[in-house]
Protein chains: 2
Amino acid sequence: MPVYYEDVEVGAVETHGSYEVTREEVLSFAERYDPQWFHTDPDRAAEQSPYGGLIASGWHTAAMTMRLLVESQLSDAATVGAKGVDELRWLVPVRPGDTLRIENEVLEKNADQPERGVVRARTRTYNQEDESVFSMIGNVMYLRRDGE
Amino acid sequence: MPVYYEDVEVGAVETHGSYEVTREEVLSFAERYDPQWFHTDPDRAAEQSPYGGLIASGWHTAAMTMRLLVESQLSDAATVGAKGVDELRWLVPVRPGDTLRIENEVLEKNADQPERGVVRARTRTYNQEDESVFSMIGNVMYLRRDGE
């Protein structure tokens, strides 16, 4: 049975995932959506980038985080998308070879409409060294169980 | 010559792009990064979704917007990534067959370090009907021309 608005608990924390970041995926995402040289040119990145080598596009990190969120909770939830996301922060570079996981914490709920409500949650993404590499605050629309 | 921090003007507005959103790309992005049924299952989306059909993942819309931003300005700019992005808002569904363009407006500048500064800019994405489908506020790090 899907998770409805009423089932979400403020303060609940869930961790999930083990996403392996491959060099091939870093390059293919960046070539299509974020073709800046520090994401697409390994040789130049190694020589000239302040990051000391190739790093993933921040949008790629956000997308991988979303994949983990869908796996961990959204696939079982009665949701209809997000109203918006706030405070995307890229804290530590994500590099080929990293393994990512997420921690999601429900911050607040707001039943703004008869048929649905908004769940505000902070998602933090960690690498295999337990460094927080990325965080964001999502506002996801959940259906209410008795909503019409 | 690249665009440095000093070259960016507060209030400057640029428009760019003509990105065709294909059904194939909507499905392939969502299957990998956002496999929720209203992004990946055209039949169920047509029957059950409040959006009346298949829509692009919001992260896909953000990624396409980034592509247009890189083409229009970041590829010629002395930037080293973004500190963060605020207020991502998905305003109107993006659907297969849409054509997207962006409008970017520089809101403020802040020379927070000797060697670089932050340019805060709002990017709005429009479809072929001139509807604003997405907006966000980015904080991009530009190198200063005389920075060491």
# chains A, B, ... in the order shown; residues from 1 in each chain; ligands from 1
$ closest_atom_pairs --of "chain A" --to "chain B" --cutoff "9 Å" --atoms "only C-alpha atoms" --output "Markdown table"
| residue | atom | partner | partner_atom | distance |
| --- | --- | --- | --- | --- |
| A:Ala30 | CA | B:Arg67 | CA | 9.0 |
| A:Arg32 | CA | B:Arg67 | CA | 7.2 |
| A:Tyr33 | CA | B:Arg67 | CA | 4.5 |
| A:Asp34 | CA | B:Arg67 | CA | 5.4 |
| A:Pro35 | CA | B:Val70 | CA | 6.9 |
| A:Gln36 | CA | B:Ser75 | CA | 6.4 |
| A:Trp37 | CA | B:Ser75 | CA | 8.5 |
| A:Phe38 | CA | B:Val80 | CA | 8.0 |
| A:Ser49 | CA | B:Val80 | CA | 8.0 |
| A:Pro50 | CA | B:Val80 | CA | 7.7 |
| A:Ser57 | CA | B:Gly81 | CA | 8.7 |
| A:Gly58 | CA | B:Ala82 | CA | 8.1 |
| A:Trp59 | CA | B:Ala63 | CA | 6.3 |
| A:His60 | CA | B:Ala63 | CA | 8.2 |
| A:Ala62 | CA | B:Trp59 | CA | 7.7 |
| A:Ala63 | CA | B:Tyr33 | CA | 5.5 |
| A:Met64 | CA | B:Tyr33 | CA | 6.0 |
| A:Thr65 | CA | B:Tyr33 | CA | 8.2 |
| A:Met66 | CA | B:Asp34 | CA | 6.2 |
| A:Arg67 | CA | B:Tyr33 | CA | 4.5 |
| A:Leu68 | CA | B:Tyr33 | CA | 8.3 |
| A:Leu69 | CA | B:Asp34 | CA | 8.7 |
| A:Val70 | CA | B:Asp34 | CA | 6.5 |
| A:Glu71 | CA | B:Pro35 | CA | 8.4 |
| A:Leu74 | CA | B:Gln36 | CA | 7.6 |
| A:Ser75 | CA | B:Gln36 | CA | 6.4 |
| A:Val80 | CA | B:Pro50 | CA | 7.7 |
| A:Gly81 | CA | B:Gly58 | CA | 8.4 |
| A:Ala82 | CA | B:Trp90 | CA | 7.7 |
| A:Lys83 | CA | B:Trp90 | CA | 6.4 |
| A:Gly84 | CA | B:Arg89 | CA | 4.5 |
| A:Val85 | CA | B:Leu88 | CA | 5.1 |
| A:Asp86 | CA | B:Glu87 | CA | 4.8 |
| A:Glu87 | CA | B:Asp86 | CA | 4.8 |
| A:Leu88 | CA | B:Val85 | CA | 5.1 |
| A:Arg89 | CA | B:Gly84 | CA | 4.5 |
| A:Trp90 | CA | B:Gly84 | CA | 6.1 |
| A:Leu91 | CA | B:Lys83 | CA | 8.0 |
$ select_by_dssp --residues "chain B" --states "strand (DSSP E)" --output "ChimeraX atom specification"
/B:13-20,79-90,99-110,116-126,132-143
$ select_by_dssp --residues "stretch 38-128 of chain A" --states "helix (DSSP H, G or I)" --output "number ranges by chain"
A: 38-40, 42-48, 58-72, 74-76
$ residues_around --residues "A:Ala111" --least-positions-apart "4" --cutoff "10 Å" --atoms "only C-alpha atoms" --output "JSON, numbers by chain"
{"A": [5, 6, 115, 116, 117, 118, 119, 141, 142, 143, 144]}
$ write_last_selection --atoms "C-alpha atoms" --output "short mmCIF file (atom, residue, chain, number, x, y, z; two decimals), in the first residue's frame"
data_model
loop_
_atom_site.label_atom_id
_atom_site.label_comp_id
_atom_site.auth_asym_id
_atom_site.auth_seq_id
_atom_site.Cartn_x
_atom_site.Cartn_y
_atom_site.Cartn_z
CA TYR A 5 0.69 12.23 3.33
CA GLU A 6 -0.74 11.04 6.67
CA GLU A 115 -6.43 16.43 -1.66
CA ARG A 116 -2.72 16.77 -0.97
CA GLY A 117 0.00 18.17 1.24
CA VAL A 118 3.64 19.14 1.01
CA VAL A 119 6.41 17.24 2.78
CA MET A 141 3.54 16.82 -2.96
CA TYR A 142 1.94 13.77 -1.32
CA LEU A 143 -1.68 12.77 -1.87
CA ARG A 144 -3.88 12.58 1.22
#
$ decode --residues "stretch 55-81 of chain A" --atoms "N, CA, C and O atoms" --output "PDB file, in the first residue's frame"
ATOM      1  N   ILE A  55      35.714  15.982 -12.115  1.00  0.00           N
ATOM      2  CA  ILE A  55      34.636  15.869 -11.126  1.00  0.00           C
ATOM      3  C   ILE A  55      33.286  15.817 -11.850  1.00  0.00           C
ATOM      4  O   ILE A  55      33.143  16.307 -12.969  1.00  0.00           O
ATOM      5  N   ALA A  56      32.323  15.218 -11.172  1.00  0.00           N
ATOM      6  CA  ALA A  56      30.983  15.086 -11.750  1.00  0.00           C
ATOM      7  C   ALA A  56      30.292  16.446 -11.786  1.00  0.00           C
ATOM      8  O   ALA A  56      30.459  17.278 -10.885  1.00  0.00           O
ATOM      9  N   SER A  57      29.476  16.661 -12.804  1.00  0.00           N
ATOM     10  CA  SER A  57      28.575  17.818 -12.828  1.00  0.00           C
ATOM     11  C   SER A  57      27.715  17.808 -11.570  1.00  0.00           C
ATOM     12  O   SER A  57      27.233  16.760 -11.123  1.00  0.00           O
ATOM     13  N   GLY A  58      27.502  18.993 -11.003  1.00  0.00           N
ATOM     14  CA  GLY A  58      26.616  19.079  -9.852  1.00  0.00           C
ATOM     15  C   GLY A  58      25.213  18.593 -10.169  1.00  0.00           C
ATOM     16  O   GLY A  58      24.511  18.038  -9.308  1.00  0.00           O
ATOM     17  N   TRP A  59      24.793  18.776 -11.406  1.00  0.00           N
ATOM     18  CA  TRP A  59      23.458  18.297 -11.808  1.00  0.00           C
ATOM     19  C   TRP A  59      23.422  16.789 -11.893  1.00  0.00           C
ATOM     20  O   TRP A  59      22.385  16.163 -11.682  1.00  0.00           O
ATOM     21  N   HIS A  60      24.569  16.204 -12.227  1.00  0.00           N
ATOM     22  CA  HIS A  60      24.668  14.754 -12.221  1.00  0.00           C
ATOM     23  C   HIS A  60      24.560  14.231 -10.783  1.00  0.00           C
ATOM     24  O   HIS A  60      23.839  13.260 -10.515  1.00  0.00           O
ATOM     25  N   THR A  61      25.247  14.896  -9.870  1.00  0.00           N
ATOM     26  CA  THR A  61      25.139  14.505  -8.454  1.00  0.00           C
ATOM     27  C   THR A  61      23.686  14.624  -7.972  1.00  0.00           C
ATOM     28  O   THR A  61      23.167  13.744  -7.271  1.00  0.00           O
ATOM     29  N   ALA A  62      23.013  15.708  -8.359  1.00  0.00           N
ATOM     30  CA  ALA A  62      21.604  15.868  -7.991  1.00  0.00           C
ATOM     31  C   ALA A  62      20.760  14.732  -8.587  1.00  0.00           C
ATOM     32  O   ALA A  62      19.875  14.176  -7.923  1.00  0.00           O
ATOM     33  N   ALA A  63      21.039  14.373  -9.820  1.00  0.00           N
ATOM     34  CA  ALA A  63      20.270  13.323 -10.490  1.00  0.00           C
ATOM     35  C   ALA A  63      20.508  11.956  -9.837  1.00  0.00           C
ATOM     36  O   ALA A  63      19.563  11.174  -9.638  1.00  0.00           O
ATOM     37  N   MET A  64      21.765  11.676  -9.475  1.00  0.00           N
ATOM     38  CA  MET A  64      22.044  10.398  -8.797  1.00  0.00           C
ATOM     39  C   MET A  64      21.364  10.372  -7.437  1.00  0.00           C
ATOM     40  O   MET A  64      20.839   9.336  -6.999  1.00  0.00           O
ATOM     41  N   THR A  65      21.350  11.515  -6.759  1.00  0.00           N
ATOM     42  CA  THR A  65      20.650  11.623  -5.475  1.00  0.00           C
ATOM     43  C   THR A  65      19.160  11.349  -5.656  1.00  0.00           C
ATOM     44  O   THR A  65      18.540  10.632  -4.852  1.00  0.00           O
ATOM     45  N   MET A  66      18.601  11.883  -6.724  1.00  0.00           N
ATOM     46  CA  MET A  66      17.182  11.644  -6.996  1.00  0.00           C
ATOM     47  C   MET A  66      16.911  10.172  -7.228  1.00  0.00           C
ATOM     48  O   MET A  66      15.913   9.625  -6.737  1.00  0.00           O
ATOM     49  N   ARG A  67      17.791   9.513  -7.952  1.00  0.00           N
ATOM     50  CA  ARG A  67      17.620   8.078  -8.186  1.00  0.00           C
ATOM     51  C   ARG A  67      17.531   7.319  -6.852  1.00  0.00           C
ATOM     52  O   ARG A  67      16.674   6.451  -6.652  1.00  0.00           O
ATOM     53  N   LEU A  68      18.436   7.685  -5.935  1.00  0.00           N
ATOM     54  CA  LEU A  68      18.436   7.020  -4.626  1.00  0.00           C
ATOM     55  C   LEU A  68      17.166   7.361  -3.837  1.00  0.00           C
ATOM     56  O   LEU A  68      16.617   6.507  -3.131  1.00  0.00           O
ATOM     57  N   LEU A  69      16.688   8.576  -3.960  1.00  0.00           N
ATOM     58  CA  LEU A  69      15.434   8.967  -3.290  1.00  0.00           C
ATOM     59  C   LEU A  69      14.248   8.187  -3.833  1.00  0.00           C
ATOM     60  O   LEU A  69      13.370   7.768  -3.073  1.00  0.00           O
ATOM     61  N   VAL A  70      14.195   8.016  -5.135  1.00  0.00           N
ATOM     62  CA  VAL A  70      13.085   7.263  -5.731  1.00  0.00           C
ATOM     63  C   VAL A  70      13.139   5.821  -5.246  1.00  0.00           C
ATOM     64  O   VAL A  70      12.123   5.256  -4.821  1.00  0.00           O
ATOM     65  N   GLU A  71      14.330   5.224  -5.287  1.00  0.00           N
ATOM     66  CA  GLU A  71      14.462   3.834  -4.818  1.00  0.00           C
ATOM     67  C   GLU A  71      14.037   3.695  -3.369  1.00  0.00           C
ATOM     68  O   GLU A  71      13.369   2.744  -2.997  1.00  0.00           O
ATOM     69  N   SER A  72      14.450   4.652  -2.532  1.00  0.00           N
ATOM     70  CA  SER A  72      14.275   4.458  -1.097  1.00  0.00           C
ATOM     71  C   SER A  72      12.870   4.785  -0.630  1.00  0.00           C
ATOM     72  O   SER A  72      12.376   4.186   0.308  1.00  0.00           O
ATOM     73  N   GLN A  73      12.199   5.739  -1.278  1.00  0.00           N
ATOM     74  CA  GLN A  73      10.884   6.075  -0.756  1.00  0.00           C
ATOM     75  C   GLN A  73       9.856   6.503  -1.774  1.00  0.00           C
ATOM     76  O   GLN A  73       8.683   6.162  -1.642  1.00  0.00           O
ATOM     77  N   LEU A  74      10.256   7.200  -2.816  1.00  0.00           N
ATOM     78  CA  LEU A  74       9.235   7.756  -3.698  1.00  0.00           C
ATOM     79  C   LEU A  74       8.522   6.681  -4.509  1.00  0.00           C
ATOM     80  O   LEU A  74       7.358   6.851  -4.879  1.00  0.00           O
ATOM     81  N   SER A  75       9.207   5.559  -4.763  1.00  0.00           N
ATOM     82  CA  SER A  75       8.556   4.524  -5.573  1.00  0.00           C
ATOM     83  C   SER A  75       7.385   3.886  -4.828  1.00  0.00           C
ATOM     84  O   SER A  75       6.488   3.323  -5.447  1.00  0.00           O
ATOM     85  N   ASP A  76       7.366   3.983  -3.505  1.00  0.00           N
ATOM     86  CA  ASP A  76       6.247   3.444  -2.724  1.00  0.00           C
ATOM     87  C   ASP A  76       5.300   4.529  -2.239  1.00  0.00           C
ATOM     88  O   ASP A  76       4.441   4.265  -1.403  1.00  0.00           O
ATOM     89  N   ALA A  77       5.475   5.732  -2.695  1.00  0.00           N
ATOM     90  CA  ALA A  77       4.719   6.844  -2.120  1.00  0.00           C
ATOM     91  C   ALA A  77       3.682   7.366  -3.111  1.00  0.00           C
ATOM     92  O   ALA A  77       3.876   7.323  -4.322  1.00  0.00           O
ATOM     93  N   ALA A  78       2.579   7.883  -2.546  1.00  0.00           N
ATOM     94  CA  ALA A  78       1.535   8.480  -3.369  1.00  0.00           C
ATOM     95  C   ALA A  78       1.888   9.947  -3.598  1.00  0.00           C
ATOM     96  O   ALA A  78       1.301  10.851  -3.023  1.00  0.00           O
ATOM     97  N   THR A  79       2.881  10.156  -4.460  1.00  0.00           N
ATOM     98  CA  THR A  79       3.346  11.518  -4.716  1.00  0.00           C
ATOM     99  C   THR A  79       3.034  11.912  -6.147  1.00  0.00           C
ATOM    100  O   THR A  79       2.828  11.062  -7.017  1.00  0.00           O
ATOM    101  N   VAL A  80       2.977  13.203  -6.367  1.00  0.00           N
ATOM    102  CA  VAL A  80       2.718  13.709  -7.724  1.00  0.00           C
ATOM    103  C   VAL A  80       3.740  14.783  -8.089  1.00  0.00           C
ATOM    104  O   VAL A  80       3.420  15.785  -8.705  1.00  0.00           O
ATOM    105  N   GLY A  81       4.991  14.527  -7.693  1.00  0.00           N
ATOM    106  CA  GLY A  81       6.048  15.450  -8.065  1.00  0.00           C
ATOM    107  C   GLY A  81       6.390  16.421  -6.957  1.00  0.00           C
ATOM    108  O   GLY A  81       5.855  16.344  -5.853  1.00  0.00           O
TER     109      GLY A  81
END
